[in-house]
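Engineer: Sending over a structure as C-alpha coordinates; questions will come in a sec.
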Amino acid sequence: MRTTFAVCSFLVTIAISGSSLYRVAGGELKLAVVEAASDRPLPCRVHLKDSGGRPQRAGDLPFWRDHFVCDGKVAIKLPPGKYTYEIERGPEYEVAAGSFVLGKSATLLKTVKLKRLVDMKREGWWSGELHVHRPQEEIELLMRAEDLHVAPVITWWNRRNLWAKRAPPKKLLVRFDGDRFYRLMAGEDEREGGALMFFNLQRPLGIAGATREYPSPMKYLLAAKRRGAWVDIEKPFWWDVPVWLASGKVDSIGIANNHMQRSKMYLSEAWGKPRDTKVFPNPLGNGQWTQHIYYHVLNCGLHIPPSAGSASGVLDNPVGYNRMYVHVDGEFNYEKWWRNFRAGRVTVTNGPLLRPRVNGELPGHVFQANAGEEIELDIAVDVASRDKLKRLEVIRNGEVVEVLRLNKMTNRKIKLPKLRFRQSGWFLIRAIADVPNTFRFGSTGPYYVEIGGKRRVSKRSAEFFLSWVKERMGRVKIDDAKRRKEVLHYHEQASRFWQEAVQNSNAS
(Lines give C-alpha, C1' and ligand atoms only; values in the text may rest on other atoms or scores of the structure.)
Protein backbone atom coordinates (compact mmCIF):
# COMPACT_ATOMS: atom_id res chain seq x y z
CA MET A 1 0.00 0.00 0.00
CA ARG A 2 1.40 3.44 -0.95
CA THR A 3 0.53 6.51 1.04
CA THR A 4 1.41 10.20 0.63
CA PHE A 5 2.72 12.44 3.33
CA ALA A 6 3.85 15.99 3.89
CA VAL A 7 6.75 17.16 6.01
CA CYS A 8 6.90 20.37 8.01
CA SER A 9 8.92 21.69 10.92
CA PHE A 10 8.01 20.72 14.44
CA LEU A 11 9.50 20.86 17.94
CA VAL A 12 12.32 19.39 19.95
CA THR A 13 11.54 16.38 22.12
CA ILE A 14 13.45 15.05 25.11
CA ALA A 15 14.81 11.50 25.06
CA ILE A 16 16.11 9.57 28.08
CA SER A 17 19.00 7.16 27.71
CA GLY A 18 20.43 5.53 30.84
CA SER A 19 20.83 8.21 33.52
CA SER A 20 21.61 11.13 31.17
CA LEU A 21 19.21 13.60 29.59
CA TYR A 22 19.98 14.99 26.20
CA ARG A 23 18.03 16.80 23.55
CA VAL A 24 17.21 15.18 20.24
CA ALA A 25 15.48 16.99 17.42
CA GLY A 26 12.37 14.80 17.38
CA GLY A 27 9.26 14.84 15.28
CA GLU A 28 5.61 13.93 15.18
CA LEU A 29 3.65 11.32 13.29
CA LYS A 30 0.09 12.34 12.49
CA LEU A 31 -1.64 9.14 11.48
CA ALA A 32 -5.08 8.89 9.92
CA VAL A 33 -6.63 5.45 9.36
CA VAL A 34 -9.65 5.38 7.08
CA GLU A 35 -11.86 2.79 5.49
CA ALA A 36 -10.85 2.33 1.85
CA ALA A 37 -14.41 2.36 0.50
CA SER A 38 -15.57 5.52 2.25
CA ASP A 39 -12.53 7.40 3.60
CA ARG A 40 -14.27 7.63 6.97
CA PRO A 41 -12.04 7.44 10.09
CA LEU A 42 -11.77 3.85 11.27
CA PRO A 43 -11.03 2.79 14.88
CA CYS A 44 -8.17 0.31 14.72
CA ARG A 45 -5.19 -1.39 16.39
CA VAL A 46 -1.67 -0.13 15.61
CA HIS A 47 1.58 -2.09 16.01
CA LEU A 48 4.24 0.63 15.65
CA LYS A 49 7.91 -0.25 16.17
CA ASP A 50 11.21 1.60 15.92
CA SER A 51 14.25 0.28 14.08
CA GLY A 52 15.17 -1.82 17.11
CA GLY A 53 11.76 -3.52 17.18
CA ARG A 54 10.61 -1.63 20.28
CA PRO A 55 6.82 -0.99 20.43
CA GLN A 56 5.78 2.67 20.58
CA ARG A 57 3.04 4.08 22.77
CA ALA A 58 0.63 6.83 21.80
CA GLY A 59 0.16 9.05 24.83
CA ASP A 60 -2.69 7.87 27.05
CA LEU A 61 -4.36 5.69 24.42
CA PRO A 62 -4.96 2.08 25.52
CA PHE A 63 -1.70 0.15 25.13
CA TRP A 64 -0.95 -3.53 25.68
CA ARG A 65 2.43 -5.25 25.17
CA ASP A 66 3.08 -4.35 21.51
CA HIS A 67 0.13 -2.29 20.29
CA PHE A 68 -2.22 0.59 20.97
CA VAL A 69 -5.72 1.35 19.72
CA CYS A 70 -7.12 4.61 18.47
CA ASP A 71 -10.32 6.02 16.98
CA GLY A 72 -8.73 6.46 13.54
CA LYS A 73 -6.67 9.58 14.20
CA VAL A 74 -3.59 9.89 16.39
CA ALA A 75 -0.60 12.19 16.81
CA ILE A 76 2.56 10.62 18.27
CA LYS A 77 5.81 12.36 19.20
CA LEU A 78 8.76 10.19 18.20
CA PRO A 79 12.56 10.38 17.98
CA PRO A 80 13.87 10.62 14.42
CA GLY A 81 14.45 7.33 12.68
CA LYS A 82 12.90 4.49 10.72
CA TYR A 83 9.65 2.88 11.87
CA THR A 84 7.52 -0.04 10.77
CA TYR A 85 3.80 -0.47 11.31
CA GLU A 86 1.02 -3.03 11.03
CA ILE A 87 -2.55 -1.79 11.35
CA GLU A 88 -5.50 -4.11 11.86
CA ARG A 89 -9.20 -4.07 12.70
CA GLY A 90 -10.12 -7.65 13.47
CA PRO A 91 -10.12 -10.36 10.78
CA GLU A 92 -12.75 -8.69 8.57
CA TYR A 93 -10.23 -6.15 7.25
CA GLU A 94 -6.97 -6.68 5.42
CA VAL A 95 -3.76 -5.80 7.28
CA ALA A 96 -2.02 -2.57 6.30
CA ALA A 97 1.74 -2.78 6.76
CA GLY A 98 4.58 -0.48 5.83
CA SER A 99 7.42 1.71 7.02
CA PHE A 100 8.42 5.35 7.12
CA VAL A 101 11.33 7.56 8.11
CA LEU A 102 10.74 10.45 10.48
CA GLY A 103 13.22 13.27 10.05
CA LYS A 104 14.55 15.68 12.63
CA SER A 105 12.16 18.43 13.68
CA ALA A 106 9.54 17.11 11.31
CA THR A 107 5.85 16.34 11.20
CA LEU A 108 4.85 13.40 9.05
CA LEU A 109 1.25 13.25 7.87
CA LYS A 110 0.31 9.69 6.95
CA THR A 111 -3.01 8.29 5.79
CA VAL A 112 -3.52 4.53 5.76
CA LYS A 113 -6.52 2.88 4.13
CA LEU A 114 -7.95 -0.38 5.46
CA LYS A 115 -9.85 -2.52 2.97
CA ARG A 116 -12.77 -4.58 4.21
CA LEU A 117 -12.54 -8.24 3.29
CA VAL A 118 -16.02 -9.26 4.38
CA ASP A 119 -18.89 -7.75 6.40
CA MET A 120 -19.93 -10.52 8.75
CA LYS A 121 -22.77 -8.73 10.52
CA ARG A 122 -24.50 -7.96 7.22
CA GLU A 123 -24.72 -11.73 6.78
CA GLY A 124 -26.09 -12.18 10.31
CA TRP A 125 -22.80 -13.22 11.98
CA TRP A 126 -22.08 -11.15 15.11
CA SER A 127 -18.63 -11.12 16.72
CA GLY A 128 -17.72 -11.62 20.35
CA GLU A 129 -15.13 -13.07 22.69
CA LEU A 130 -15.27 -14.40 26.25
CA HIS A 131 -11.89 -13.66 27.87
CA VAL A 132 -11.27 -9.94 28.41
CA HIS A 133 -9.15 -8.63 31.30
CA ARG A 134 -8.90 -4.98 30.25
CA PRO A 135 -10.03 -1.93 32.30
CA GLN A 136 -13.64 -0.86 31.97
CA GLU A 137 -12.70 2.65 30.84
CA GLU A 138 -10.89 1.18 27.80
CA ILE A 139 -13.54 -1.29 26.69
CA GLU A 140 -15.60 0.81 24.30
CA LEU A 141 -12.61 2.00 22.28
CA LEU A 142 -11.12 -1.50 22.31
CA MET A 143 -14.33 -3.00 20.97
CA ARG A 144 -14.62 -0.36 18.25
CA ALA A 145 -10.99 -0.84 17.26
CA GLU A 146 -11.43 -4.62 17.00
CA ASP A 147 -14.97 -4.48 15.57
CA LEU A 148 -16.38 -6.60 18.40
CA HIS A 149 -20.07 -6.66 19.27
CA VAL A 150 -20.16 -8.74 22.48
CA ALA A 151 -17.47 -8.73 25.18
CA PRO A 152 -18.14 -9.75 28.80
CA VAL A 153 -15.47 -8.12 30.99
CA ILE A 154 -13.85 -10.19 33.76
CA THR A 155 -13.97 -8.10 36.92
CA TRP A 156 -13.52 -10.79 39.58
CA TRP A 157 -11.39 -13.88 39.97
CA ASN A 158 -9.51 -15.73 42.69
CA ARG A 159 -7.14 -13.02 43.88
CA ARG A 160 -8.92 -9.91 42.70
CA ASN A 161 -12.48 -8.65 42.96
CA LEU A 162 -13.16 -5.14 41.69
CA TRP A 163 -16.39 -5.11 43.69
CA ALA A 164 -14.86 -6.08 47.05
CA LYS A 165 -14.90 -2.48 48.33
CA ARG A 166 -17.58 -0.94 46.17
CA ALA A 167 -21.01 -1.89 44.98
CA PRO A 168 -21.37 -3.01 41.37
CA PRO A 169 -23.18 -0.56 39.10
CA LYS A 170 -26.91 -1.07 38.86
CA LYS A 171 -26.55 -1.29 35.10
CA LEU A 172 -24.18 -4.18 34.38
CA LEU A 173 -24.97 -4.43 30.67
CA VAL A 174 -23.74 -1.49 28.60
CA ARG A 175 -24.92 -0.89 25.05
CA PHE A 176 -23.19 1.62 22.79
CA ASP A 177 -22.97 2.40 19.09
CA GLY A 178 -26.39 0.78 18.78
CA ASP A 179 -25.13 -2.79 18.37
CA ARG A 180 -22.17 -3.26 20.74
CA PHE A 181 -22.54 -4.74 24.23
CA TYR A 182 -20.27 -5.38 27.17
CA ARG A 183 -21.19 -6.68 30.61
CA LEU A 184 -19.17 -6.12 33.77
CA MET A 185 -19.81 -9.17 35.96
CA ALA A 186 -17.82 -11.91 34.23
CA GLY A 187 -15.60 -13.98 36.53
CA GLU A 188 -12.96 -16.70 36.49
CA ASP A 189 -12.00 -19.51 38.86
CA GLU A 190 -8.46 -20.55 37.89
CA ARG A 191 -6.71 -23.06 40.13
CA GLU A 192 -5.01 -26.46 40.08
CA GLY A 193 -7.76 -28.13 38.05
CA GLY A 194 -7.80 -25.37 35.45
CA ALA A 195 -10.04 -22.41 34.67
CA LEU A 196 -13.80 -21.99 34.51
CA MET A 197 -15.38 -18.72 33.40
CA PHE A 198 -18.78 -17.48 34.52
CA PHE A 199 -21.03 -15.07 32.64
CA ASN A 200 -24.29 -13.17 33.14
CA LEU A 201 -24.32 -13.32 36.94
CA GLN A 202 -25.63 -10.43 39.04
CA ARG A 203 -22.81 -10.60 41.61
CA PRO A 204 -19.48 -12.39 42.07
CA LEU A 205 -19.09 -15.89 43.47
CA GLY A 206 -17.29 -16.08 46.82
CA ILE A 207 -14.11 -17.69 45.51
CA ALA A 208 -11.51 -15.43 47.15
CA GLY A 209 -10.68 -17.89 49.96
CA ALA A 210 -10.18 -20.92 47.74
CA THR A 211 -6.82 -22.72 47.80
CA ARG A 212 -5.22 -24.49 44.85
CA GLU A 213 -7.31 -27.66 45.37
CA TYR A 214 -10.00 -26.82 47.93
CA PRO A 215 -12.87 -26.47 47.61
CA SER A 216 -13.49 -28.29 44.35
CA PRO A 217 -14.24 -26.01 41.37
CA MET A 218 -17.46 -28.02 41.13
CA LYS A 219 -18.72 -26.21 44.22
CA TYR A 220 -18.58 -22.88 42.40
CA LEU A 221 -19.76 -24.33 39.10
CA LEU A 222 -22.92 -25.69 40.73
CA ALA A 223 -23.48 -22.43 42.67
CA ALA A 224 -23.14 -20.44 39.45
CA LYS A 225 -25.64 -22.63 37.61
CA ARG A 226 -28.16 -22.20 40.44
CA ARG A 227 -27.90 -18.46 39.80
CA GLY A 228 -28.46 -18.88 36.06
CA ALA A 229 -24.87 -18.39 34.88
CA TRP A 230 -23.33 -19.42 31.59
CA VAL A 231 -20.29 -21.62 32.37
CA ASP A 232 -17.39 -21.88 29.92
CA ILE A 233 -14.45 -24.29 30.12
CA GLU A 234 -11.65 -21.89 29.26
CA LYS A 235 -9.44 -24.59 27.63
CA PRO A 236 -10.08 -28.28 26.89
CA PHE A 237 -6.83 -29.61 28.38
CA TRP A 238 -7.29 -28.44 31.99
CA TRP A 239 -7.00 -31.33 34.42
CA ASP A 240 -10.58 -31.14 35.72
CA VAL A 241 -12.24 -31.02 32.29
CA PRO A 242 -13.58 -34.63 32.49
CA VAL A 243 -15.16 -33.81 35.86
CA TRP A 244 -16.80 -30.66 34.53
CA LEU A 245 -18.06 -32.43 31.42
CA ALA A 246 -19.53 -35.28 33.48
CA SER A 247 -21.54 -32.80 35.54
CA GLY A 248 -23.68 -31.87 32.55
CA LYS A 249 -23.50 -28.21 33.65
CA VAL A 250 -21.04 -26.82 31.08
CA ASP A 251 -22.34 -24.49 28.35
CA SER A 252 -19.29 -24.03 26.09
CA ILE A 253 -15.61 -24.89 25.73
CA GLY A 254 -12.77 -22.69 24.45
CA ILE A 255 -11.07 -24.18 21.41
CA ALA A 256 -9.75 -20.80 20.19
CA ASN A 257 -8.02 -19.88 23.43
CA ASN A 258 -5.21 -17.68 24.72
CA HIS A 259 -2.43 -20.22 24.12
CA MET A 260 -2.96 -19.25 20.47
CA GLN A 261 -1.45 -15.80 20.08
CA ARG A 262 -1.03 -13.35 17.26
CA SER A 263 2.66 -13.97 16.60
CA LYS A 264 3.49 -17.09 18.65
CA MET A 265 2.12 -20.01 20.61
CA TYR A 266 2.19 -20.52 24.36
CA LEU A 267 4.00 -23.79 23.85
CA SER A 268 3.18 -25.79 27.00
CA GLU A 269 -0.13 -26.83 28.54
CA ALA A 270 0.84 -24.88 31.71
CA TRP A 271 -0.62 -26.94 34.56
CA GLY A 272 -3.04 -28.77 32.28
CA LYS A 273 -2.83 -32.31 30.92
CA PRO A 274 0.30 -32.35 28.74
CA ARG A 275 0.19 -33.57 25.16
CA ASP A 276 2.47 -36.12 23.56
CA THR A 277 4.86 -33.79 21.72
CA LYS A 278 5.78 -36.56 19.27
CA VAL A 279 2.18 -36.70 18.12
CA PHE A 280 1.51 -32.96 18.53
CA PRO A 281 4.91 -31.27 18.06
CA ASN A 282 5.78 -27.62 18.61
CA PRO A 283 5.08 -24.98 17.61
CA LEU A 284 1.51 -25.84 16.56
CA GLY A 285 0.95 -28.90 18.75
CA ASN A 286 -0.91 -27.14 21.54
CA GLY A 287 -3.57 -25.93 19.11
CA GLN A 288 -3.89 -29.40 17.59
CA TRP A 289 -4.13 -30.99 21.07
CA THR A 290 -6.88 -28.53 22.00
CA GLN A 291 -8.98 -29.57 19.01
CA HIS A 292 -8.18 -33.27 19.43
CA ILE A 293 -9.69 -33.15 22.94
CA TYR A 294 -12.75 -31.24 21.75
CA TYR A 295 -13.39 -33.89 19.12
CA HIS A 296 -13.29 -36.54 21.86
CA VAL A 297 -15.97 -34.49 23.67
CA LEU A 298 -18.19 -34.56 20.60
CA ASN A 299 -17.48 -38.27 20.08
CA CYS A 300 -19.03 -38.92 23.49
CA GLY A 301 -22.37 -37.55 22.34
CA LEU A 302 -22.03 -34.25 24.21
CA HIS A 303 -23.47 -31.28 22.32
CA ILE A 304 -21.29 -28.45 23.63
CA PRO A 305 -20.59 -25.47 21.33
CA PRO A 306 -17.05 -24.12 20.93
CA SER A 307 -16.05 -20.72 22.27
CA ALA A 308 -13.14 -18.29 21.92
CA GLY A 309 -11.13 -15.98 24.17
CA SER A 310 -7.87 -14.04 24.03
CA ALA A 311 -7.05 -13.12 27.68
CA SER A 312 -5.88 -9.65 26.64
CA GLY A 313 -4.69 -7.97 29.81
CA VAL A 314 -2.97 -11.17 30.97
CA LEU A 315 -1.28 -12.69 27.91
CA ASP A 316 0.05 -10.88 24.83
CA ASN A 317 -3.07 -11.03 22.68
CA PRO A 318 -5.10 -8.07 21.49
CA VAL A 319 -8.74 -8.07 22.49
CA GLY A 320 -10.69 -10.18 20.02
CA TYR A 321 -7.73 -11.98 18.45
CA ASN A 322 -9.49 -15.26 19.28
CA ARG A 323 -13.13 -14.61 18.59
CA MET A 324 -16.42 -16.22 17.77
CA TYR A 325 -19.28 -15.31 15.48
CA VAL A 326 -22.84 -16.17 16.44
CA HIS A 327 -25.54 -16.09 13.79
CA VAL A 328 -28.61 -14.04 14.68
CA ASP A 329 -31.53 -13.58 12.28
CA GLY A 330 -33.40 -10.29 12.32
CA GLU A 331 -32.78 -7.62 14.92
CA PHE A 332 -29.63 -8.19 16.95
CA ASN A 333 -29.42 -7.92 20.73
CA TYR A 334 -27.38 -9.32 23.63
CA GLU A 335 -29.94 -11.91 24.72
CA LYS A 336 -30.38 -13.29 21.20
CA TRP A 337 -26.61 -13.66 20.84
CA TRP A 338 -26.37 -15.91 23.90
CA ARG A 339 -29.53 -17.83 22.98
CA ASN A 340 -28.21 -18.64 19.51
CA PHE A 341 -24.78 -19.43 20.95
CA ARG A 342 -26.49 -22.06 23.10
CA ALA A 343 -28.15 -23.45 19.97
CA GLY A 344 -24.66 -23.92 18.49
CA ARG A 345 -25.03 -21.39 15.67
CA VAL A 346 -21.42 -20.39 16.03
CA THR A 347 -18.03 -20.31 14.33
CA VAL A 348 -14.70 -19.61 16.04
CA THR A 349 -11.55 -18.12 14.56
CA ASN A 350 -8.30 -16.28 14.97
CA GLY A 351 -8.05 -15.64 11.24
CA PRO A 352 -10.10 -17.48 8.57
CA LEU A 353 -13.79 -16.60 8.47
CA LEU A 354 -16.32 -19.33 7.67
CA ARG A 355 -20.04 -18.92 6.99
CA PRO A 356 -21.45 -22.41 6.42
CA ARG A 357 -24.76 -23.79 5.26
CA VAL A 358 -25.41 -27.52 5.14
CA ASN A 359 -28.69 -28.40 3.44
CA GLY A 360 -29.44 -24.75 4.19
CA GLU A 361 -28.88 -25.18 7.95
CA LEU A 362 -26.53 -23.42 10.39
CA PRO A 363 -24.11 -25.12 12.80
CA GLY A 364 -25.79 -26.76 15.78
CA HIS A 365 -28.49 -28.29 13.62
CA VAL A 366 -29.39 -31.93 14.26
CA PHE A 367 -30.12 -33.91 11.09
CA GLN A 368 -32.40 -36.86 11.89
CA ALA A 369 -33.50 -40.02 10.09
CA ASN A 370 -35.06 -43.35 10.94
CA ALA A 371 -32.93 -46.43 11.54
CA GLY A 372 -31.68 -47.89 8.28
CA GLU A 373 -32.07 -44.64 6.37
CA GLU A 374 -29.27 -42.55 4.87
CA ILE A 375 -28.79 -38.81 5.23
CA GLU A 376 -27.17 -36.98 2.32
CA LEU A 377 -25.72 -33.54 3.05
CA ASP A 378 -24.76 -30.70 0.69
CA ILE A 379 -22.02 -28.56 2.23
CA ALA A 380 -21.52 -24.97 1.13
CA VAL A 381 -19.27 -22.53 2.96
CA ASP A 382 -18.25 -18.95 2.30
CA VAL A 383 -14.55 -18.61 3.13
CA ALA A 384 -12.65 -15.37 3.64
CA SER A 385 -9.05 -15.16 4.79
CA ARG A 386 -6.38 -12.48 4.68
CA ASP A 387 -3.75 -15.19 5.31
CA LYS A 388 -2.90 -17.87 2.79
CA LEU A 389 -4.84 -21.01 3.60
CA LYS A 390 -3.20 -24.43 3.65
CA ARG A 391 -6.41 -26.34 3.44
CA LEU A 392 -10.15 -26.50 4.07
CA GLU A 393 -11.23 -29.69 5.86
CA VAL A 394 -14.34 -31.60 6.75
CA ILE A 395 -13.91 -33.28 10.15
CA ARG A 396 -16.28 -36.21 10.71
CA ASN A 397 -16.37 -38.00 14.08
CA GLY A 398 -12.90 -36.60 14.82
CA GLU A 399 -11.29 -37.66 11.54
CA VAL A 400 -10.44 -35.60 8.46
CA VAL A 401 -12.59 -37.02 5.66
CA GLU A 402 -12.28 -34.29 3.03
CA VAL A 403 -9.44 -31.88 2.22
CA LEU A 404 -9.45 -29.00 -0.23
CA ARG A 405 -5.96 -27.52 -0.66
CA LEU A 406 -6.15 -23.78 -1.32
CA ASN A 407 -2.64 -22.34 -0.72
CA LYS A 408 -3.81 -18.77 -1.26
CA MET A 409 -5.81 -15.94 0.22
CA THR A 410 -9.46 -16.22 -0.65
CA ASN A 411 -12.91 -14.73 -0.39
CA ARG A 412 -15.34 -17.04 -2.11
CA LYS A 413 -18.07 -19.61 -1.78
CA ILE A 414 -16.90 -23.22 -1.81
CA LYS A 415 -19.07 -26.25 -2.39
CA LEU A 416 -17.65 -29.42 -0.86
CA PRO A 417 -18.43 -33.01 -1.88
CA LYS A 418 -21.63 -34.50 -0.49
CA LEU A 419 -21.37 -36.10 2.92
CA ARG A 420 -23.44 -39.21 3.67
CA PHE A 421 -24.35 -40.75 7.02
CA ARG A 422 -25.92 -44.15 7.65
CA GLN A 423 -25.08 -44.00 11.35
CA SER A 424 -25.23 -41.24 13.96
CA GLY A 425 -22.30 -38.86 14.30
CA TRP A 426 -21.19 -35.27 13.88
CA PHE A 427 -19.11 -33.12 11.55
CA LEU A 428 -17.70 -29.62 11.18
CA ILE A 429 -15.69 -27.57 8.68
CA ARG A 430 -12.23 -26.24 9.54
CA ALA A 431 -9.80 -23.93 7.71
CA ILE A 432 -6.07 -23.95 8.53
CA ALA A 433 -3.98 -20.88 7.68
CA ASP A 434 -0.44 -21.16 6.33
CA VAL A 435 1.19 -19.46 9.32
CA PRO A 436 4.22 -21.31 10.72
CA ASN A 437 4.60 -19.76 14.17
CA THR A 438 1.06 -19.94 15.53
CA PHE A 439 -2.04 -22.13 15.13
CA ARG A 440 -4.28 -19.90 13.05
CA PHE A 441 -7.57 -21.46 12.04
CA GLY A 442 -11.29 -21.07 11.67
CA SER A 443 -13.86 -23.69 12.61
CA THR A 444 -17.59 -23.99 12.39
CA GLY A 445 -19.46 -25.29 15.36
CA PRO A 446 -20.45 -28.94 14.96
CA TYR A 447 -23.45 -30.27 13.08
CA TYR A 448 -25.04 -33.43 14.48
CA VAL A 449 -26.58 -36.49 12.85
CA GLU A 450 -28.94 -38.79 14.75
CA ILE A 451 -30.20 -41.89 13.00
CA GLY A 452 -32.69 -44.05 14.85
CA GLY A 453 -33.00 -41.45 17.60
CA LYS A 454 -29.57 -42.20 19.13
CA ARG A 455 -26.44 -40.13 19.58
CA ARG A 456 -23.10 -41.64 18.66
CA VAL A 457 -20.95 -42.48 21.73
CA SER A 458 -17.43 -43.67 20.99
CA LYS A 459 -15.94 -46.25 23.33
CA ARG A 460 -12.43 -45.03 22.61
CA SER A 461 -13.32 -41.42 23.46
CA ALA A 462 -15.15 -42.40 26.66
CA GLU A 463 -12.10 -44.45 27.69
CA PHE A 464 -9.93 -41.41 26.97
CA PHE A 465 -11.80 -39.38 29.60
CA LEU A 466 -12.11 -42.28 32.05
CA SER A 467 -8.34 -42.74 32.05
CA TRP A 468 -7.92 -38.98 32.43
CA VAL A 469 -10.15 -38.88 35.53
CA LYS A 470 -8.21 -41.69 37.17
CA GLU A 471 -4.90 -39.95 36.43
CA ARG A 472 -6.22 -36.69 37.87
CA MET A 473 -7.42 -38.39 41.08
CA GLY A 474 -3.84 -39.51 41.72
CA ARG A 475 -2.65 -35.91 41.42
CA VAL A 476 -4.98 -34.45 44.06
CA LYS A 477 -2.79 -33.30 46.96
CA ILE A 478 -4.83 -32.35 50.03
CA ASP A 479 -3.48 -33.23 53.48
CA ASP A 480 -6.75 -32.86 55.37
CA ALA A 481 -8.58 -36.20 54.99
CA LYS A 482 -12.07 -34.71 55.19
CA ARG A 483 -11.33 -32.07 52.57
CA ARG A 484 -9.65 -34.60 50.31
CA LYS A 485 -12.70 -36.86 50.48
CA GLU A 486 -14.97 -33.93 49.70
CA VAL A 487 -12.97 -33.01 46.59
CA LEU A 488 -12.54 -36.59 45.38
CA HIS A 489 -16.31 -37.10 45.63
CA TYR A 490 -16.73 -35.16 42.36
CA HIS A 491 -13.97 -37.13 40.65
CA GLU A 492 -15.58 -40.40 41.73
CA GLN A 493 -18.91 -39.24 40.31
CA ALA A 494 -17.15 -38.40 37.05
CA SER A 495 -15.42 -41.78 37.02
CA ARG A 496 -18.80 -43.51 37.22
CA PHE A 497 -20.16 -41.28 34.46
CA TRP A 498 -17.34 -42.16 32.07
CA GLN A 499 -17.47 -45.84 33.03
CA GLU A 500 -21.14 -45.90 32.09
CA ALA A 501 -20.31 -44.11 28.84
CA VAL A 502 -17.79 -46.85 28.03
CA GLN A 503 -20.33 -49.57 28.82
CA ASN A 504 -23.11 -47.90 26.85
CA SER A 505 -21.00 -46.84 23.87
CA ASN A 506 -22.33 -47.69 20.42
CA ALA A 507 -19.24 -46.94 18.30
CA SER A 508 -15.68 -48.21 18.41
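Chains: A, B, ... in order of the C-alpha coordinates. Residues: from 1 per chain. Ligands: from 1, in order shown.
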Can you tell me, as a list in words, what residues are no more than 7 Å from Ser505 in chain A when counting only C-alpha atoms, ignoring any on the same chain fewer than 6 positions away?
Structural biologist: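 My reading of the contact set: Val457, Ser458 and Lys459 of chain A.
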Engineer: Need to verify the contact set: Asp382 in chain A, 6 Å, only C-alpha atoms, exclusion of same-chain residues closer than 4 positions in sequence. Can you return it as a JSON list (two decimals) with N, CA and C atoms, in the first residue's frame?
Structural biologist:
[["chain", "number", "residue", "atom", "x", "y", "z"],
["A", 354, "LEU", "N", -15.47, -18.33, 8.33],
["A", 354, "LEU", "CA", -16.32, -19.33, 7.67],
["A", 354, "LEU", "C", -17.79, -19.00, 7.93],
["A", 355, "ARG", "N", -18.58, -19.08, 6.87],
["A", 355, "ARG", "CA", -20.04, -18.92, 6.99],
["A", 355, "ARG", "C", -20.67, -20.11, 6.29],
["A", 412, "ARG", "N", -14.43, -16.45, -1.13],
["A", 412, "ARG", "CA", -15.34, -17.04, -2.11],
["A", 412, "ARG", "C", -16.21, -18.13, -1.49],
["A", 413, "LYS", "N", -17.21, -18.51, -2.19],
["A", 413, "LYS", "CA", -18.07, -19.61, -1.78],
["A", 413, "LYS", "C", -17.50, -20.92, -2.30]]
Engineer: What is the CA of Gly320 in chain A-CA of Arg166 in chain A distance in Å, reported with one decimal?
Structural biologist: 28.6 Å
Engineer: Would you compute the distance between CA of Leu102 in chain A and CA of Arg144 in chain A? Give it in Å to one decimal.
Structural biologist: 28.6 Å
Engineer: To one decimal in Å, tell me the separation between CA of Val400 in chain A and CA of His292 in chain A.
Structural biologist: 11.4 Å
Engineer: Of the residues A:Leu148, A:Leu284, A:Val346, A:Leu245, which is the one nearest to Val469 in chain A, using only C-alpha atoms?
Structural biologist: A:Leu245
Engineer: Which residue gives the smallest distance to Arg54 in chain A among A:Thr84, A:Ser467, A:Gln291, A:Ser38, with only C-alpha atoms counted?
Structural biologist: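 Using only C-alpha atoms, Arg54 in chain A sits closest to A:Thr84.
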Engineer: List the neighbours of range 120-131 of chain A out to 8 Å using only C-alpha atoms; skip same-chain residues closer than 4 positions along the sequence, and give me the result as a PyMOL selection string.
Structural biologist: chain A and resi 92+147-154+307-312+320+322-330+337
Engineer: Just asking: which residues within range 298-351 of chain A are alpha helix (DSSP H) according to DSSP, as a list in words?
Structural biologist: Leu298, Asn299, Tyr334, Glu335, Lys336, Trp337, Trp338, Arg339, Asn340, Phe341 and Arg342 of chain A
Engineer: Contacts between range 267-275 of chain A and range 415-480 of chain A, please, where a residue of range 415-480 of chain A counts if it comes within 10 Å (with only C-alpha atoms); show its shortest atom pair and distance in Å to one decimal, rows by chain and ascending number, as a Markdown table.
Structural biologist:
| residue | atom | partner | partner_atom | distance |
| --- | --- | --- | --- | --- |
| A:Thr438 | CA | A:Leu267 | CA | 9.6 |
| A:Trp468 | CA | A:Lys273 | CA | 8.5 |
| A:Glu471 | CA | A:Lys273 | CA | 9.6 |
| A:Arg472 | CA | A:Lys273 | CA | 8.9 |
